[in-house]
>>> print(open('model_33.json').read())   # JSON, N, CA and C atoms
[["chain", "number", "residue", "atom", "x", "y", "z"],
["Y", 1, "MET", "N", 10.05, -1.69, -16.48],
["Y", 1, "MET", "CA", 10.18, -2.02, -15.07],
["Y", 1, "MET", "C", 10.41, -3.52, -14.97],
["Y", 2, "ILE", "N", 11.17, -3.92, -13.94],
["Y", 2, "ILE", "CA", 11.48, -5.33, -13.75],
["Y", 2, "ILE", "C", 11.07, -5.77, -12.35],
["Y", 3, "ARG", "N", 10.78, -7.05, -12.22],
["Y", 3, "ARG", "CA", 10.50, -7.68, -10.92],
["Y", 3, "ARG", "C", 11.45, -8.87, -10.80],
["Y", 4, "ILE", "N", 12.17, -8.93, -9.68],
["Y", 4, "ILE", "CA", 13.15, -10.01, -9.45],
["Y", 4, "ILE", "C", 12.85, -10.67, -8.10],
["Y", 5, "LEU", "N", 12.89, -12.00, -8.09],
["Y", 5, "LEU", "CA", 12.69, -12.81, -6.89],
["Y", 5, "LEU", "C", 14.00, -13.53, -6.58],
["Y", 6, "TYR", "N", 14.46, -13.43, -5.33],
["Y", 6, "TYR", "CA", 15.66, -14.19, -4.94],
["Y", 6, "TYR", "C", 15.43, -14.91, -3.63],
["Y", 7, "PHE", "N", 16.31, -15.86, -3.36],
["Y", 7, "PHE", "CA", 16.29, -16.69, -2.16],
["Y", 7, "PHE", "C", 17.72, -16.76, -1.64],
["Y", 8, "SER", "N", 17.89, -16.78, -0.31],
["Y", 8, "SER", "CA", 19.21, -16.96, 0.28],
["Y", 8, "SER", "C", 19.06, -17.52, 1.69],
["Y", 9, "THR", "N", 20.18, -17.91, 2.27],
["Y", 9, "THR", "CA", 20.21, -18.45, 3.63],
["Y", 9, "THR", "C", 20.98, -17.50, 4.53],
["Y", 10, "ALA", "N", 20.35, -17.12, 5.64],
["Y", 10, "ALA", "CA", 20.97, -16.20, 6.59],
["Y", 10, "ALA", "C", 22.16, -16.86, 7.28],
["Y", 11, "VAL", "N", 23.14, -16.04, 7.67],
["Y", 11, "VAL", "CA", 24.25, -16.57, 8.46],
["Y", 11, "VAL", "C", 23.70, -17.04, 9.80],
["Y", 12, "ALA", "N", 24.41, -17.98, 10.41],
["Y", 12, "ALA", "CA", 23.91, -18.63, 11.63],
["Y", 12, "ALA", "C", 23.71, -17.65, 12.78],
["Y", 13, "ASP", "N", 24.52, -16.60, 12.86],
["Y", 13, "ASP", "CA", 24.43, -15.69, 14.00],
["Y", 13, "ASP", "C", 23.58, -14.44, 13.73],
["Y", 14, "LEU", "N", 22.76, -14.47, 12.69],
["Y", 14, "LEU", "CA", 21.90, -13.33, 12.39],
["Y", 14, "LEU", "C", 20.85, -13.19, 13.49],
["Y", 15, "GLN", "N", 20.71, -11.99, 14.00],
["Y", 15, "GLN", "CA", 19.77, -11.70, 15.08],
["Y", 15, "GLN", "C", 18.50, -11.05, 14.53],
["Y", 16, "PRO", "N", 17.38, -11.17, 15.24],
["Y", 16, "PRO", "CA", 16.15, -10.53, 14.78],
["Y", 16, "PRO", "C", 16.32, -9.03, 14.54],
["Y", 17, "GLY", "N", 17.11, -8.38, 15.37],
["Y", 17, "GLY", "CA", 17.36, -6.96, 15.18],
["Y", 17, "GLY", "C", 18.10, -6.66, 13.89],
["Y", 18, "ASP", "N", 18.91, -7.61, 13.43],
["Y", 18, "ASP", "CA", 19.62, -7.43, 12.16],
["Y", 18, "ASP", "C", 18.62, -7.37, 11.00],
["Y", 19, "VAL", "N", 17.62, -8.22, 11.04],
["Y", 19, "VAL", "CA", 16.60, -8.24, 9.99],
["Y", 19, "VAL", "C", 15.79, -6.94, 10.04],
["Y", 20, "ASP", "N", 15.45, -6.49, 11.24],
["Y", 20, "ASP", "CA", 14.74, -5.22, 11.38],
["Y", 20, "ASP", "C", 15.55, -4.09, 10.77],
["Y", 21, "SER", "N", 16.84, -4.09, 11.01],
["Y", 21, "SER", "CA", 17.73, -3.06, 10.47],
["Y", 21, "SER", "C", 17.76, -3.10, 8.94],
["Y", 22, "ILE", "N", 17.80, -4.30, 8.38],
["Y", 22, "ILE", "CA", 17.78, -4.46, 6.92],
["Y", 22, "ILE", "C", 16.51, -3.84, 6.35],
["Y", 23, "VAL", "N", 15.38, -4.16, 6.96],
["Y", 23, "VAL", "CA", 14.09, -3.67, 6.46],
["Y", 23, "VAL", "C", 13.99, -2.15, 6.63],
["Y", 24, "ASP", "N", 14.41, -1.63, 7.76],
["Y", 24, "ASP", "CA", 14.35, -0.18, 8.00],
["Y", 24, "ASP", "C", 15.19, 0.58, 6.97],
["Y", 25, "HIS", "N", 16.39, 0.09, 6.72],
["Y", 25, "HIS", "CA", 17.26, 0.72, 5.71],
["Y", 25, "HIS", "C", 16.63, 0.62, 4.32],
["Y", 26, "ALA", "N", 16.10, -0.54, 4.00],
["Y", 26, "ALA", "CA", 15.51, -0.76, 2.67],
["Y", 26, "ALA", "C", 14.30, 0.14, 2.44],
["Y", 27, "LYS", "N", 13.49, 0.36, 3.46],
["Y", 27, "LYS", "CA", 12.33, 1.23, 3.30],
["Y", 27, "LYS", "C", 12.74, 2.62, 2.82],
["Y", 28, "ILE", "N", 13.77, 3.16, 3.43],
["Y", 28, "ILE", "CA", 14.23, 4.50, 3.08],
["Y", 28, "ILE", "C", 14.90, 4.51, 1.71],
["Y", 29, "TRP", "N", 15.84, 3.58, 1.50],
["Y", 29, "TRP", "CA", 16.58, 3.54, 0.23],
["Y", 29, "TRP", "C", 15.62, 3.29, -0.93],
["Y", 30, "ASN", "N", 14.75, 2.33, -0.78],
["Y", 30, "ASN", "CA", 13.82, 1.99, -1.86],
["Y", 30, "ASN", "C", 12.90, 3.17, -2.20],
["Y", 31, "ALA", "N", 12.39, 3.84, -1.18],
["Y", 31, "ALA", "CA", 11.51, 4.98, -1.42],
["Y", 31, "ALA", "C", 12.24, 6.07, -2.20],
["Y", 32, "ASP", "N", 13.50, 6.26, -1.90],
["Y", 32, "ASP", "CA", 14.31, 7.27, -2.59],
["Y", 32, "ASP", "C", 14.68, 6.88, -4.02],
["Y", 33, "HIS", "N", 14.58, 5.59, -4.35],
["Y", 33, "HIS", "CA", 15.03, 5.09, -5.65],
["Y", 33, "HIS", "C", 13.92, 4.42, -6.46],
["Y", 34, "ASP", "N", 12.67, 4.65, -6.09],
["Y", 34, "ASP", "CA", 11.52, 4.15, -6.85],
["Y", 34, "ASP", "C", 11.48, 2.62, -6.93],
["Y", 35, "VAL", "N", 11.89, 1.96, -5.83],
["Y", 35, "VAL", "CA", 11.88, 0.49, -5.75],
["Y", 35, "VAL", "C", 10.83, 0.09, -4.73],
["Y", 36, "THR", "N", 10.08, -0.96, -5.03],
["Y", 36, "THR", "CA", 9.10, -1.51, -4.10],
["Y", 36, "THR", "C", 9.37, -3.00, -3.95],
["Y", 37, "GLY", "N", 8.79, -3.60, -2.90],
["Y", 37, "GLY", "CA", 8.97, -5.03, -2.73],
["Y", 37, "GLY", "C", 8.60, -5.53, -1.36],
["Y", 38, "ALA", "N", 8.91, -6.79, -1.16],
["Y", 38, "ALA", "CA", 8.62, -7.45, 0.12],
["Y", 38, "ALA", "C", 9.73, -8.45, 0.41],
["Y", 39, "LEU", "N", 10.03, -8.57, 1.69],
["Y", 39, "LEU", "CA", 11.06, -9.50, 2.18],
["Y", 39, "LEU", "C", 10.42, -10.45, 3.16],
["Y", 40, "THR", "N", 10.59, -11.74, 2.93],
["Y", 40, "THR", "CA", 10.15, -12.73, 3.91],
["Y", 40, "THR", "C", 11.39, -13.33, 4.56],
["Y", 41, "TYR", "N", 11.26, -13.63, 5.84],
["Y", 41, "TYR", "CA", 12.34, -14.25, 6.60],
["Y", 41, "TYR", "C", 11.71, -15.23, 7.56],
["Y", 42, "ASN", "N", 12.14, -16.48, 7.49],
["Y", 42, "ASN", "CA", 11.53, -17.52, 8.31],
["Y", 42, "ASN", "C", 12.41, -17.97, 9.48],
["Y", 43, "GLY", "N", 13.42, -17.17, 9.80],
["Y", 43, "GLY", "CA", 14.34, -17.52, 10.86],
["Y", 43, "GLY", "C", 15.60, -18.19, 10.34],
["Y", 44, "ARG", "N", 15.59, -18.56, 9.08],
["Y", 44, "ARG", "CA", 16.75, -19.19, 8.44],
["Y", 44, "ARG", "C", 16.99, -18.68, 7.02],
["Y", 45, "ASN", "N", 15.93, -18.48, 6.28],
["Y", 45, "ASN", "CA", 16.06, -18.10, 4.87],
["Y", 45, "ASN", "C", 15.35, -16.78, 4.57],
["Y", 46, "PHE", "N", 15.88, -16.12, 3.56],
["Y", 46, "PHE", "CA", 15.25, -14.92, 3.01],
["Y", 46, "PHE", "C", 14.66, -15.27, 1.66],
["Y", 47, "CYS", "N", 13.55, -14.67, 1.35],
["Y", 47, "CYS", "CA", 12.97, -14.72, 0.01],
["Y", 47, "CYS", "C", 12.42, -13.32, -0.22],
["Y", 48, "GLN", "N", 12.87, -12.69, -1.30],
["Y", 48, "GLN", "CA", 12.51, -11.29, -1.51],
["Y", 48, "GLN", "C", 12.16, -11.03, -2.97],
["Y", 49, "VAL", "N", 11.19, -10.15, -3.14],
["Y", 49, "VAL", "CA", 10.85, -9.62, -4.46],
["Y", 49, "VAL", "C", 11.14, -8.14, -4.45],
["Y", 50, "LEU", "N", 11.82, -7.69, -5.51],
["Y", 50, "LEU", "CA", 12.09, -6.28, -5.71],
["Y", 50, "LEU", "C", 11.56, -5.90, -7.08],
["Y", 51, "GLU", "N", 11.00, -4.70, -7.20],
["Y", 51, "GLU", "CA", 10.48, -4.25, -8.48],
["Y", 51, "GLU", "C", 10.73, -2.76, -8.63],
["Y", 52, "GLY", "N", 10.97, -2.36, -9.86],
["Y", 52, "GLY", "CA", 11.23, -0.97, -10.14],
["Y", 52, "GLY", "C", 12.00, -0.82, -11.44],
["Y", 53, "PRO", "N", 12.63, 0.33, -11.64],
["Y", 53, "PRO", "CA", 13.42, 0.55, -12.85],
["Y", 53, "PRO", "C", 14.49, -0.54, -12.99],
["Y", 54, "GLU", "N", 14.59, -1.10, -14.19],
["Y", 54, "GLU", "CA", 15.46, -2.27, -14.38],
["Y", 54, "GLU", "C", 16.90, -2.03, -13.92],
["Y", 55, "GLN", "N", 17.50, -0.97, -14.34],
["Y", 55, "GLN", "CA", 18.91, -0.73, -14.00],
["Y", 55, "GLN", "C", 19.08, -0.58, -12.48],
["Y", 56, "THR", "N", 18.16, 0.11, -11.84],
["Y", 56, "THR", "CA", 18.23, 0.31, -10.39],
["Y", 56, "THR", "C", 18.06, -1.01, -9.64],
["Y", 57, "VAL", "N", 17.08, -1.80, -10.04],
["Y", 57, "VAL", "CA", 16.82, -3.07, -9.35],
["Y", 57, "VAL", "C", 17.97, -4.05, -9.58],
["Y", 58, "ARG", "N", 18.50, -4.12, -10.78],
["Y", 58, "ARG", "CA", 19.63, -5.02, -11.03],
["Y", 58, "ARG", "C", 20.85, -4.63, -10.20],
["Y", 59, "ALA", "N", 21.13, -3.33, -10.09],
["Y", 59, "ALA", "CA", 22.26, -2.88, -9.27],
["Y", 59, "ALA", "C", 22.02, -3.21, -7.80],
["Y", 60, "LEU", "N", 20.78, -3.04, -7.33],
["Y", 60, "LEU", "CA", 20.45, -3.36, -5.95],
["Y", 60, "LEU", "C", 20.61, -4.85, -5.69],
["Y", 61, "VAL", "N", 20.13, -5.69, -6.59],
["Y", 61, "VAL", "CA", 20.26, -7.14, -6.44],
["Y", 61, "VAL", "C", 21.74, -7.54, -6.41],
["Y", 62, "ASP", "N", 22.55, -6.94, -7.25],
["Y", 62, "ASP", "CA", 23.99, -7.22, -7.23],
["Y", 62, "ASP", "C", 24.59, -6.86, -5.89],
["Y", 63, "ASN", "N", 24.16, -5.73, -5.33],
["Y", 63, "ASN", "CA", 24.66, -5.29, -4.02],
["Y", 63, "ASN", "C", 24.21, -6.25, -2.92],
["Y", 64, "ILE", "N", 22.95, -6.63, -2.94],
["Y", 64, "ILE", "CA", 22.41, -7.56, -1.94],
["Y", 64, "ILE", "C", 23.14, -8.90, -2.01],
["Y", 65, "ALA", "N", 23.45, -9.35, -3.21],
["Y", 65, "ALA", "CA", 24.13, -10.64, -3.37],
["Y", 65, "ALA", "C", 25.48, -10.67, -2.66],
["Y", 66, "GLN", "N", 26.11, -9.51, -2.50],
["Y", 66, "GLN", "CA", 27.43, -9.43, -1.86],
["Y", 66, "GLN", "C", 27.36, -9.27, -0.34],
["Y", 67, "ASP", "N", 26.17, -9.12, 0.21],
["Y", 67, "ASP", "CA", 25.99, -8.89, 1.64],
["Y", 67, "ASP", "C", 26.42, -10.12, 2.43],
["Y", 68, "ALA", "N", 27.28, -9.92, 3.42],
["Y", 68, "ALA", "CA", 27.83, -11.02, 4.22],
["Y", 68, "ALA", "C", 26.83, -11.60, 5.22],
["Y", 69, "ARG", "N", 25.65, -11.03, 5.32],
["Y", 69, "ARG", "CA", 24.67, -11.55, 6.28],
["Y", 69, "ARG", "C", 23.88, -12.73, 5.75],
["Y", 70, "HIS", "N", 24.22, -13.16, 4.54],
["Y", 70, "HIS", "CA", 23.57, -14.34, 3.98],
["Y", 70, "HIS", "C", 24.50, -15.02, 2.98],
["Y", 71, "SER", "N", 24.12, -16.24, 2.58],
["Y", 71, "SER", "CA", 24.89, -16.99, 1.60],
["Y", 71, "SER", "C", 23.91, -17.75, 0.71],
["Y", 72, "GLY", "N", 24.45, -18.41, -0.28],
["Y", 72, "GLY", "CA", 23.60, -19.20, -1.17],
["Y", 72, "GLY", "C", 22.62, -18.35, -1.95],
["Y", 73, "PHE", "N", 22.99, -17.11, -2.24],
["Y", 73, "PHE", "CA", 22.12, -16.19, -2.95],
["Y", 73, "PHE", "C", 21.80, -16.74, -4.34],
["Y", 74, "LYS", "N", 20.50, -16.78, -4.67],
["Y", 74, "LYS", "CA", 20.08, -17.32, -5.97],
["Y", 74, "LYS", "C", 18.87, -16.55, -6.47],
["Y", 75, "VAL", "N", 19.00, -15.97, -7.67],
["Y", 75, "VAL", "CA", 17.83, -15.37, -8.31],
["Y", 75, "VAL", "C", 16.98, -16.52, -8.84],
["Y", 76, "LEU", "N", 15.73, -16.57, -8.39],
["Y", 76, "LEU", "CA", 14.82, -17.64, -8.79],
["Y", 76, "LEU", "C", 13.99, -17.29, -10.02],
["Y", 77, "ASP", "N", 13.70, -16.00, -10.18],
["Y", 77, "ASP", "CA", 12.86, -15.60, -11.30],
["Y", 77, "ASP", "C", 13.01, -14.11, -11.51],
["Y", 78, "GLU", "N", 12.79, -13.69, -12.72],
["Y", 78, "GLU", "CA", 12.74, -12.27, -13.04],
["Y", 78, "GLU", "C", 11.88, -12.08, -14.28],
["Y", 79, "LYS", "N", 11.24, -10.92, -14.34],
["Y", 79, "LYS", "CA", 10.43, -10.64, -15.52],
["Y", 79, "LYS", "C", 10.18, -9.14, -15.64],
["Y", 80, "ILE", "N", 9.98, -8.73, -16.88],
["Y", 80, "ILE", "CA", 9.61, -7.36, -17.16],
["Y", 80, "ILE", "C", 8.12, -7.23, -16.86],
["Y", 81, "VAL", "N", 7.74, -6.16, -16.17],
["Y", 81, "VAL", "CA", 6.35, -5.95, -15.79],
["Y", 81, "VAL", "C", 5.91, -4.54, -16.16],
["Y", 82, "GLU", "N", 4.61, -4.40, -16.32],
["Y", 82, "GLU", "CA", 4.02, -3.09, -16.63],
["Y", 82, "GLU", "C", 3.56, -2.35, -15.38],
["Y", 83, "SER", "N", 3.21, -3.11, -14.34],
["Y", 83, "SER", "CA", 2.73, -2.48, -13.11],
["Y", 83, "SER", "C", 3.32, -3.19, -11.90],
["Y", 84, "ARG", "N", 3.24, -2.53, -10.78],
["Y", 84, "ARG", "CA", 3.82, -3.05, -9.54],
["Y", 84, "ARG", "C", 2.83, -3.95, -8.80],
["Y", 85, "TYR", "N", 3.34, -5.01, -8.22],
["Y", 85, "TYR", "CA", 2.55, -5.89, -7.36],
["Y", 85, "TYR", "C", 2.52, -5.30, -5.94],
["Y", 86, "PHE", "N", 3.63, -4.70, -5.53],
["Y", 86, "PHE", "CA", 3.76, -4.12, -4.20],
["Y", 86, "PHE", "C", 3.79, -2.59, -4.26],
["Y", 87, "ALA", "N", 2.88, -2.01, -4.99],
["Y", 87, "ALA", "CA", 2.89, -0.57, -5.24],
["Y", 87, "ALA", "C", 2.86, 0.27, -3.96],
["Y", 88, "ASP", "N", 2.26, -0.24, -2.91],
["Y", 88, "ASP", "CA", 2.13, 0.53, -1.66],
["Y", 88, "ASP", "C", 3.25, 0.27, -0.65],
["Y", 89, "TRP", "N", 4.19, -0.60, -0.99],
["Y", 89, "TRP", "CA", 5.24, -0.96, -0.04],
["Y", 89, "TRP", "C", 6.61, -0.62, -0.61],
["Y", 90, "SER", "N", 7.33, 0.36, -0.05],
["Y", 90, "SER", "CA", 8.71, 0.56, -0.46],
["Y", 90, "SER", "C", 9.51, -0.68, -0.05],
["Y", 91, "MET", "N", 9.18, -1.21, 1.11],
["Y", 91, "MET", "CA", 9.68, -2.51, 1.55],
["Y", 91, "MET", "C", 8.79, -2.96, 2.68],
["Y", 92, "ARG", "N", 8.38, -4.19, 2.62],
["Y", 92, "ARG", "CA", 7.51, -4.77, 3.64],
["Y", 92, "ARG", "C", 8.12, -6.07, 4.10],
["Y", 93, "ARG", "N", 8.18, -6.27, 5.40],
["Y", 93, "ARG", "CA", 8.66, -7.54, 5.95],
["Y", 93, "ARG", "C", 7.46, -8.42, 6.20],
["Y", 94, "VAL", "N", 7.55, -9.65, 5.72],
["Y", 94, "VAL", "CA", 6.49, -10.64, 5.90],
["Y", 94, "VAL", "C", 7.11, -11.80, 6.67],
["Y", 95, "ASP", "N", 6.66, -12.02, 7.90],
["Y", 95, "ASP", "CA", 7.20, -13.10, 8.72],
["Y", 95, "ASP", "C", 6.45, -14.40, 8.48],
["Y", 96, "GLY", "N", 7.10, -15.48, 8.81],
["Y", 96, "GLY", "CA", 6.45, -16.78, 8.75],
["Y", 96, "GLY", "C", 7.16, -17.75, 7.82],
["Y", 97, "LEU", "N", 6.70, -18.96, 7.85],
["Y", 97, "LEU", "CA", 7.32, -20.01, 7.07],
["Y", 97, "LEU", "C", 6.87, -20.03, 5.62],
["Y", 98, "ASP", "N", 5.75, -19.40, 5.34],
["Y", 98, "ASP", "CA", 5.16, -19.43, 4.01],
["Y", 98, "ASP", "C", 5.68, -18.26, 3.18],
["Y", 99, "PHE", "N", 6.38, -18.56, 2.11],
["Y", 99, "PHE", "CA", 6.94, -17.52, 1.24],
["Y", 99, "PHE", "C", 5.97, -17.15, 0.11],
["Y", 100, "SER", "N", 4.72, -17.60, 0.17],
["Y", 100, "SER", "CA", 3.80, -17.39, -0.94],
["Y", 100, "SER", "C", 3.52, -15.91, -1.22],
["Y", 101, "THR", "N", 3.60, -15.04, -0.21],
["Y", 101, "THR", "CA", 3.35, -13.62, -0.44],
["Y", 101, "THR", "C", 4.28, -13.06, -1.51],
["Y", 102, "VAL", "N", 5.54, -13.43, -1.45],
["Y", 102, "VAL", "CA", 6.48, -12.90, -2.44],
["Y", 102, "VAL", "C", 6.51, -13.76, -3.71],
["Y", 103, "ILE", "N", 6.38, -15.05, -3.56],
["Y", 103, "ILE", "CA", 6.41, -15.93, -4.73],
["Y", 103, "ILE", "C", 5.22, -15.66, -5.64],
["Y", 104, "ASN", "N", 4.05, -15.41, -5.06],
["Y", 104, "ASN", "CA", 2.85, -15.13, -5.86],
["Y", 104, "ASN", "C", 3.00, -13.87, -6.71],
["Y", 105, "ALA", "N", 3.84, -12.97, -6.29],
["Y", 105, "ALA", "CA", 4.06, -11.74, -7.06],
["Y", 105, "ALA", "C", 4.61, -12.06, -8.46],
["Y", 106, "MET", "N", 5.32, -13.14, -8.59],
["Y", 106, "MET", "CA", 5.92, -13.49, -9.88],
["Y", 106, "MET", "C", 4.86, -14.02, -10.85],
["Y", 107, "ASN", "N", 3.70, -14.40, -10.34],
["Y", 107, "ASN", "CA", 2.61, -14.87, -11.19],
["Y", 107, "ASN", "C", 1.62, -13.78, -11.54],
["Y", 108, "ALA", "N", 1.84, -12.59, -11.03],
["Y", 108, "ALA", "CA", 0.90, -11.48, -11.26],
["Y", 108, "ALA", "C", 1.10, -10.90, -12.65]]
>>> encode(input="model_33.json", output="structure tokens")
Amino acid sequence: MIRILYFSTAVADLQPGDVDSIVDHAKIWNADHDVTGALTYNGRNFCQVLEGPEQTVRALVDNIAQDARHSGFKVLDEKIVESRYFADWSMRRVDGLDFSTVINAMNA
């Protein structure tokens, strides 16, 4: 299993409803594909951790990187893990300026 952390900048015209839509879609898709994680959004930037089967997570990250709703996509960290940090969340949105909820997962 792998855990990947990325950071990106939202497009200027991204609306709050757009982020809700991203999270709603991710909850369903992730649950169907054995992926868990958390997404933080501070009104300008995204920071997300995804974890699950390596091939599935890498394909998902590649797909997310191509999404036109953000730019400056950068994988900040990745590692092979034995257990999930976000085992109870297919996808969870964490609001606020502090990205520590997702960043701390990389130290687990």
>>> closest_residue(input="model_33.json", among="Y:Leu14, Y:Ala31, Y:Ile4, Y:Asn42", to="Ala59 of chain Y", atoms="only C-alpha atoms")
Y:Ile4
>>> atom_distance(input="model_33.json", atom1="atom N of Asn107 of chain Y", atom2="atom CA of Asp32 of chain Y")
25.3 Å
>>> atom_distance(input="model_33.json", atom1="atom CA of Asp20 of chain Y", atom2="atom CA of Arg93 of chain Y")
8.5 Å
>>> residues_around(input="model_33.json", residues="Pro53 of chain Y", least_positions_apart="4", cutoff="5 Å", atoms="only N, CA and C atoms", output="list in words")
Met1, Ile2 and Val57 of chain Y
>>> select_by_dssp(input="model_33.json", residues="chain Y", states="strand (DSSP E or B)", output="short mmCIF file (atom, residue, chain, number, x, y, z; two decimals) with N, CA and C atoms, keeping the file's coordinate frame")
data_model
loop_
_atom_site.label_atom_id
_atom_site.label_comp_id
_atom_site.auth_asym_id
_atom_site.auth_seq_id
_atom_site.Cartn_x
_atom_site.Cartn_y
_atom_site.Cartn_z
N ILE Y 2 11.17 -3.92 -13.94
CA ILE Y 2 11.48 -5.33 -13.75
C ILE Y 2 11.07 -5.77 -12.35
N ARG Y 3 10.78 -7.05 -12.22
CA ARG Y 3 10.50 -7.68 -10.92
C ARG Y 3 11.45 -8.87 -10.80
N ILE Y 4 12.17 -8.93 -9.68
CA ILE Y 4 13.15 -10.01 -9.45
C ILE Y 4 12.85 -10.67 -8.10
N LEU Y 5 12.89 -12.00 -8.09
CA LEU Y 5 12.69 -12.81 -6.89
C LEU Y 5 14.00 -13.53 -6.58
N TYR Y 6 14.46 -13.43 -5.33
CA TYR Y 6 15.66 -14.19 -4.94
C TYR Y 6 15.43 -14.91 -3.63
N PHE Y 7 16.31 -15.86 -3.36
CA PHE Y 7 16.29 -16.69 -2.16
C PHE Y 7 17.72 -16.76 -1.64
N SER Y 8 17.89 -16.78 -0.31
CA SER Y 8 19.21 -16.96 0.28
C SER Y 8 19.06 -17.52 1.69
N THR Y 9 20.18 -17.91 2.27
CA THR Y 9 20.21 -18.45 3.63
C THR Y 9 20.98 -17.50 4.53
N ALA Y 10 20.35 -17.12 5.64
CA ALA Y 10 20.97 -16.20 6.59
C ALA Y 10 22.16 -16.86 7.28
N THR Y 36 10.08 -0.96 -5.03
CA THR Y 36 9.10 -1.51 -4.10
C THR Y 36 9.37 -3.00 -3.95
N GLY Y 37 8.79 -3.60 -2.90
CA GLY Y 37 8.97 -5.03 -2.73
C GLY Y 37 8.60 -5.53 -1.36
N ALA Y 38 8.91 -6.79 -1.16
CA ALA Y 38 8.62 -7.45 0.12
C ALA Y 38 9.73 -8.45 0.41
N LEU Y 39 10.03 -8.57 1.69
CA LEU Y 39 11.06 -9.50 2.18
C LEU Y 39 10.42 -10.45 3.16
N THR Y 40 10.59 -11.74 2.93
CA THR Y 40 10.15 -12.73 3.91
C THR Y 40 11.39 -13.33 4.56
N TYR Y 41 11.26 -13.63 5.84
CA TYR Y 41 12.34 -14.25 6.60
C TYR Y 41 11.71 -15.23 7.56
N ASN Y 45 15.93 -18.48 6.28
CA ASN Y 45 16.06 -18.10 4.87
C ASN Y 45 15.35 -16.78 4.57
N PHE Y 46 15.88 -16.12 3.56
CA PHE Y 46 15.25 -14.92 3.01
C PHE Y 46 14.66 -15.27 1.66
N CYS Y 47 13.55 -14.67 1.35
CA CYS Y 47 12.97 -14.72 0.01
C CYS Y 47 12.42 -13.32 -0.22
N GLN Y 48 12.87 -12.69 -1.30
CA GLN Y 48 12.51 -11.29 -1.51
C GLN Y 48 12.16 -11.03 -2.97
N VAL Y 49 11.19 -10.15 -3.14
CA VAL Y 49 10.85 -9.62 -4.46
C VAL Y 49 11.14 -8.14 -4.45
N LEU Y 50 11.82 -7.69 -5.51
CA LEU Y 50 12.09 -6.28 -5.71
C LEU Y 50 11.56 -5.90 -7.08
N GLU Y 51 11.00 -4.70 -7.20
CA GLU Y 51 10.48 -4.25 -8.48
C GLU Y 51 10.73 -2.76 -8.63
N GLY Y 52 10.97 -2.36 -9.86
CA GLY Y 52 11.23 -0.97 -10.14
C GLY Y 52 12.00 -0.82 -11.44
N HIS Y 70 24.22 -13.16 4.54
CA HIS Y 70 23.57 -14.34 3.98
C HIS Y 70 24.50 -15.02 2.98
N SER Y 71 24.12 -16.24 2.58
CA SER Y 71 24.89 -16.99 1.60
C SER Y 71 23.91 -17.75 0.71
N GLY Y 72 24.45 -18.41 -0.28
CA GLY Y 72 23.60 -19.20 -1.17
C GLY Y 72 22.62 -18.35 -1.95
N PHE Y 73 22.99 -17.11 -2.24
CA PHE Y 73 22.12 -16.19 -2.95
C PHE Y 73 21.80 -16.74 -4.34
N LYS Y 74 20.50 -16.78 -4.67
CA LYS Y 74 20.08 -17.32 -5.97
C LYS Y 74 18.87 -16.55 -6.47
N VAL Y 75 19.00 -15.97 -7.67
CA VAL Y 75 17.83 -15.37 -8.31
C VAL Y 75 16.98 -16.52 -8.84
N LEU Y 76 15.73 -16.57 -8.39
CA LEU Y 76 14.82 -17.64 -8.79
C LEU Y 76 13.99 -17.29 -10.02
N ASP Y 77 13.70 -16.00 -10.18
CA ASP Y 77 12.86 -15.60 -11.30
C ASP Y 77 13.01 -14.11 -11.51
N GLU Y 78 12.79 -13.69 -12.72
CA GLU Y 78 12.74 -12.27 -13.04
C GLU Y 78 11.88 -12.08 -14.28
N LYS Y 79 11.24 -10.92 -14.34
CA LYS Y 79 10.43 -10.64 -15.52
C LYS Y 79 10.18 -9.14 -15.64
N ILE Y 80 9.98 -8.73 -16.88
CA ILE Y 80 9.61 -7.36 -17.16
C ILE Y 80 8.12 -7.23 -16.86
N ARG Y 92 8.38 -4.19 2.62
CA ARG Y 92 7.51 -4.77 3.64
C ARG Y 92 8.12 -6.07 4.10
N ARG Y 93 8.18 -6.27 5.40
CA ARG Y 93 8.66 -7.54 5.95
C ARG Y 93 7.46 -8.42 6.20
N VAL Y 94 7.55 -9.65 5.72
CA VAL Y 94 6.49 -10.64 5.90
C VAL Y 94 7.11 -11.80 6.67
N ASP Y 95 6.66 -12.02 7.90
CA ASP Y 95 7.20 -13.10 8.72
C ASP Y 95 6.45 -14.40 8.48
#
